[in-house]
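S.K.: Quick one: the structure is below, and I'll ask about it shortly.
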Amino acid sequence: MKVWIDQDLCTGDGLCSEIAPAVFVLLDDGISYVRDGGRVMAASAGNPQGHEGTVVVPAALEDLVVEAAEECPGECIFVGG
């Protein structure tokens, strides 16, 4: 499973980072980003973000990522195969 966040749609509620903190992080700009281990997929961190920042989700975290996507009020979390 892969996941990415469309930062233009993010409402900054931070629910994703509460549900799956190993995969999502809410930065000081009030927007959520995907983590790839210790790497944050954000332009401010020198990494691609949005669709270009798609990461593979560890199998043990897939259910939490799906839950985060379903609970996201901004519908900005995209999950795919």
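Ordered as shown in the structure tokens, chains take letters A, B, and onward, while each chain numbers its residues from 1 and ligands are numbered from 1 in the order shown.
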List as an MDAnalysis selection string the protein and nucleic acid residues near Ala20 (chain A), meaning an atom at most 10 Å away when only C-alpha atoms are counted, but skip any in the same chain fewer than 2 places from it.

M.R.: chainID A and resid 15:18 22:25 61:68

S.K.: Those residues you just picked out, can you put them in a file as a short mmCIF file (atom, residue, chain, number, x, y, z; two decimals), in the first residue's frame with N, CA and C atoms?

M.R.:
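Writing done, so here's out.cif:
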```cif
data_model
loop_
_atom_site.label_atom_id
_atom_site.label_comp_id
_atom_site.auth_asym_id
_atom_site.auth_seq_id
_atom_site.Cartn_x
_atom_site.Cartn_y
_atom_site.Cartn_z
N LEU A 15 -5.79 14.93 12.69
CA LEU A 15 -6.33 13.62 13.06
C LEU A 15 -5.44 12.49 12.55
N CYS A 16 -4.88 12.67 11.36
CA CYS A 16 -4.04 11.61 10.80
C CYS A 16 -2.82 11.36 11.67
N SER A 17 -2.21 12.42 12.16
CA SER A 17 -1.02 12.25 13.00
C SER A 17 -1.37 11.70 14.38
N GLU A 18 -2.61 11.88 14.81
CA GLU A 18 -3.05 11.26 16.06
C GLU A 18 -3.32 9.77 15.87
N ALA A 22 3.28 7.28 13.20
CA ALA A 22 4.47 6.74 12.54
C ALA A 22 4.45 7.04 11.04
N VAL A 23 3.28 7.43 10.50
CA VAL A 23 3.15 7.67 9.07
C VAL A 23 2.88 9.14 8.75
N PHE A 24 2.19 9.85 9.64
CA PHE A 24 1.82 11.24 9.38
C PHE A 24 2.36 12.17 10.45
N VAL A 25 2.66 13.39 10.03
CA VAL A 25 3.15 14.40 10.96
C VAL A 25 2.53 15.75 10.59
N LEU A 61 1.00 -1.10 9.55
CA LEU A 61 0.34 0.20 9.74
C LEU A 61 -0.77 0.48 8.74
N GLU A 62 -1.02 -0.46 7.84
CA GLU A 62 -2.00 -0.24 6.78
C GLU A 62 -3.39 0.08 7.32
N ASP A 63 -3.87 -0.66 8.33
CA ASP A 63 -5.21 -0.41 8.87
C ASP A 63 -5.31 0.99 9.46
N LEU A 64 -4.26 1.45 10.14
CA LEU A 64 -4.28 2.80 10.71
C LEU A 64 -4.28 3.87 9.63
N VAL A 65 -3.56 3.64 8.55
CA VAL A 65 -3.52 4.60 7.45
C VAL A 65 -4.89 4.69 6.79
N VAL A 66 -5.55 3.57 6.59
CA VAL A 66 -6.90 3.57 6.03
C VAL A 66 -7.86 4.31 6.96
N GLU A 67 -7.75 4.06 8.26
CA GLU A 67 -8.60 4.76 9.22
C GLU A 67 -8.35 6.27 9.16
N ALA A 68 -7.09 6.67 9.10
CA ALA A 68 -6.76 8.09 9.02
C ALA A 68 -7.35 8.72 7.77
#
```

S.K.: Per DSSP on the backbone, what are the alpha helix (DSSP H) residues of chain A, as a list of chain:residue names?

M.R.: A:Leu15, A:Cys16, A:Ser17, A:Glu18, A:Ile19, A:Glu62, A:Asp63, A:Leu64, A:Val65, A:Val66, A:Glu67, A:Ala68, A:Ala69, A:Glu70, A:Glu71

S.K.: Would you export the selected residues with N, CA and C atoms as a tab-separated table (two decimals), in the first residue's frame, please?

M.R.:
```
chain	number	residue	atom	x	y	z
A	15	LEU	N	-5.79	14.93	12.69
A	15	LEU	CA	-6.33	13.62	13.06
A	15	LEU	C	-5.44	12.49	12.55
A	16	CYS	N	-4.88	12.67	11.36
A	16	CYS	CA	-4.04	11.61	10.80
A	16	CYS	C	-2.82	11.36	11.67
A	17	SER	N	-2.21	12.42	12.16
A	17	SER	CA	-1.02	12.25	13.00
A	17	SER	C	-1.37	11.70	14.38
A	18	GLU	N	-2.61	11.88	14.81
A	18	GLU	CA	-3.05	11.26	16.06
A	18	GLU	C	-3.32	9.77	15.87
A	19	ILE	N	-3.90	9.42	14.73
A	19	ILE	CA	-4.25	8.03	14.45
A	19	ILE	C	-3.03	7.20	14.08
A	62	GLU	N	-1.02	-0.46	7.84
A	62	GLU	CA	-2.00	-0.24	6.78
A	62	GLU	C	-3.39	0.08	7.32
A	63	ASP	N	-3.87	-0.66	8.33
A	63	ASP	CA	-5.21	-0.41	8.87
A	63	ASP	C	-5.31	0.99	9.46
A	64	LEU	N	-4.26	1.45	10.14
A	64	LEU	CA	-4.28	2.80	10.71
A	64	LEU	C	-4.28	3.87	9.63
A	65	VAL	N	-3.56	3.64	8.55
A	65	VAL	CA	-3.52	4.60	7.45
A	65	VAL	C	-4.89	4.69	6.79
A	66	VAL	N	-5.55	3.57	6.59
A	66	VAL	CA	-6.90	3.57	6.03
A	66	VAL	C	-7.86	4.31	6.96
A	67	GLU	N	-7.75	4.06	8.26
A	67	GLU	CA	-8.60	4.76	9.22
A	67	GLU	C	-8.35	6.27	9.16
A	68	ALA	N	-7.09	6.67	9.10
A	68	ALA	CA	-6.76	8.09	9.02
A	68	ALA	C	-7.35	8.72	7.77
A	69	ALA	N	-7.27	8.03	6.64
A	69	ALA	CA	-7.83	8.54	5.39
A	69	ALA	C	-9.35	8.68	5.49
A	70	GLU	N	-10.01	7.71	6.11
A	70	GLU	CA	-11.46	7.76	6.26
A	70	GLU	C	-11.90	8.86	7.21
A	71	GLU	N	-11.12	9.16	8.25
A	71	GLU	CA	-11.48	10.16	9.25
A	71	GLU	C	-11.08	11.58	8.84
```

S.K.: So which residues touch Arg35 (chain A) within 10 Å, counting only C-alpha atoms, skipping near sequence neighbours fewer than 2 positions away, as a ChimeraX atom specification?

M.R.: /A:3-4,21-25,32-33,37-42,53-57

S.K.: Can you write just those residues out, N, CA and C atoms, as an mmCIF file, in the first residue's frame?

M.R.:
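Just written: selection_9.cif:
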```
data_model
loop_
_atom_site.group_PDB
_atom_site.id
_atom_site.type_symbol
_atom_site.label_atom_id
_atom_site.label_comp_id
_atom_site.auth_asym_id
_atom_site.auth_seq_id
_atom_site.Cartn_x
_atom_site.Cartn_y
_atom_site.Cartn_z
ATOM 1 N N VAL A 3 0.811 5.754 0.177
ATOM 2 C CA VAL A 3 -0.002 6.868 0.655
ATOM 3 C C VAL A 3 0.692 8.191 0.347
ATOM 4 N N TRP A 4 -0.127 9.199 0.097
ATOM 5 C CA TRP A 4 0.367 10.560 -0.050
ATOM 6 C C TRP A 4 -0.719 11.523 0.398
ATOM 7 N N PRO A 21 0.775 8.205 13.968
ATOM 8 C CA PRO A 21 1.922 9.109 14.065
ATOM 9 C C PRO A 21 3.204 8.582 13.433
ATOM 10 N N ALA A 22 3.282 7.285 13.198
ATOM 11 C CA ALA A 22 4.466 6.740 12.537
ATOM 12 C C ALA A 22 4.453 7.038 11.036
ATOM 13 N N VAL A 23 3.282 7.429 10.503
ATOM 14 C CA VAL A 23 3.152 7.669 9.066
ATOM 15 C C VAL A 23 2.878 9.141 8.754
ATOM 16 N N PHE A 24 2.193 9.847 9.643
ATOM 17 C CA PHE A 24 1.815 11.236 9.379
ATOM 18 C C PHE A 24 2.364 12.167 10.445
ATOM 19 N N VAL A 25 2.665 13.393 10.029
ATOM 20 C CA VAL A 25 3.153 14.403 10.960
ATOM 21 C C VAL A 25 2.534 15.755 10.594
ATOM 22 N N SER A 32 -0.396 18.696 7.328
ATOM 23 C CA SER A 32 0.104 17.342 7.551
ATOM 24 C C SER A 32 0.913 16.847 6.364
ATOM 25 N N TYR A 33 1.884 16.001 6.681
ATOM 26 C CA TYR A 33 2.776 15.416 5.685
ATOM 27 C C TYR A 33 2.969 13.946 6.010
ATOM 28 N N GLY A 37 9.784 6.650 7.321
ATOM 29 C CA GLY A 37 10.749 6.425 8.400
ATOM 30 C C GLY A 37 11.000 7.762 9.089
ATOM 31 N N GLY A 38 12.240 8.189 9.141
ATOM 32 C CA GLY A 38 12.579 9.466 9.756
ATOM 33 C C GLY A 38 12.529 10.633 8.790
ATOM 34 N N ARG A 39 12.232 10.368 7.544
ATOM 35 C CA ARG A 39 12.194 11.390 6.490
ATOM 36 C C ARG A 39 10.778 11.928 6.344
ATOM 37 N N VAL A 40 10.621 13.250 6.425
ATOM 38 C CA VAL A 40 9.313 13.882 6.241
ATOM 39 C C VAL A 40 9.207 14.350 4.795
ATOM 40 N N MET A 41 8.133 13.921 4.136
ATOM 41 C CA MET A 41 7.947 14.254 2.725
ATOM 42 C C MET A 41 7.333 15.649 2.617
ATOM 43 N N ALA A 42 8.188 16.654 2.783
ATOM 44 C CA ALA A 42 7.780 18.058 2.735
ATOM 45 C C ALA A 42 8.861 18.860 2.032
ATOM 46 N N GLY A 53 5.542 12.807 -3.258
ATOM 47 C CA GLY A 53 6.029 12.327 -1.973
ATOM 48 C C GLY A 53 5.343 11.061 -1.509
ATOM 49 N N THR A 54 4.852 10.263 -2.444
ATOM 50 C CA THR A 54 4.193 8.997 -2.116
ATOM 51 C C THR A 54 5.178 8.049 -1.440
ATOM 52 N N VAL A 55 4.729 7.398 -0.377
ATOM 53 C CA VAL A 55 5.582 6.434 0.326
ATOM 54 C C VAL A 55 4.867 5.101 0.487
ATOM 55 N N VAL A 56 5.637 4.058 0.661
ATOM 56 C CA VAL A 56 5.112 2.721 0.923
ATOM 57 C C VAL A 56 4.814 2.617 2.418
ATOM 58 N N VAL A 57 3.622 2.141 2.735
ATOM 59 C CA VAL A 57 3.193 1.986 4.125
ATOM 60 C C VAL A 57 3.593 0.604 4.624
#
```

S.K.: Kindly give the distance, in Å, that separates CA of Asp8 (chain A) and CA of Asn47 (chain A), rounded to a single decimal.

M.R.: 16.6 Å

S.K.: Please determine, counting only C-alpha atoms, which residue among A:Gly30, A:Cys76, A:Met1, A:Asp6 has the shortest atom-to-atom distance to Glu52 (chain A).

M.R.: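 Residue with the minimum atom-to-atom distance to Glu52 (chain A): A:Asp6.
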
S.K.: Any idea what the distance is between CA of Ser44 (chain A) and CA of Ile5 (chain A)?

M.R.: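 Calculated distance between CA of Ser44 (chain A) and CA of Ile5 (chain A) is 14.9 Å.
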
S.K.: Using only C-alpha atoms for the distances, tell me which of A:Asp36, A:Gly14, A:Leu9, A:Gly46 is nearest to Pro58 (chain A).

M.R.: A:Asp36

S.K.: Name the residues of chain A that come out as strand (DSSP E or B) in a backbone DSSP run; write them as a VMD selection string.

M.R.: chain A and resid 2 to 5 24 to 26 32 to 36 39 to 40 55 to 56 77 to 80
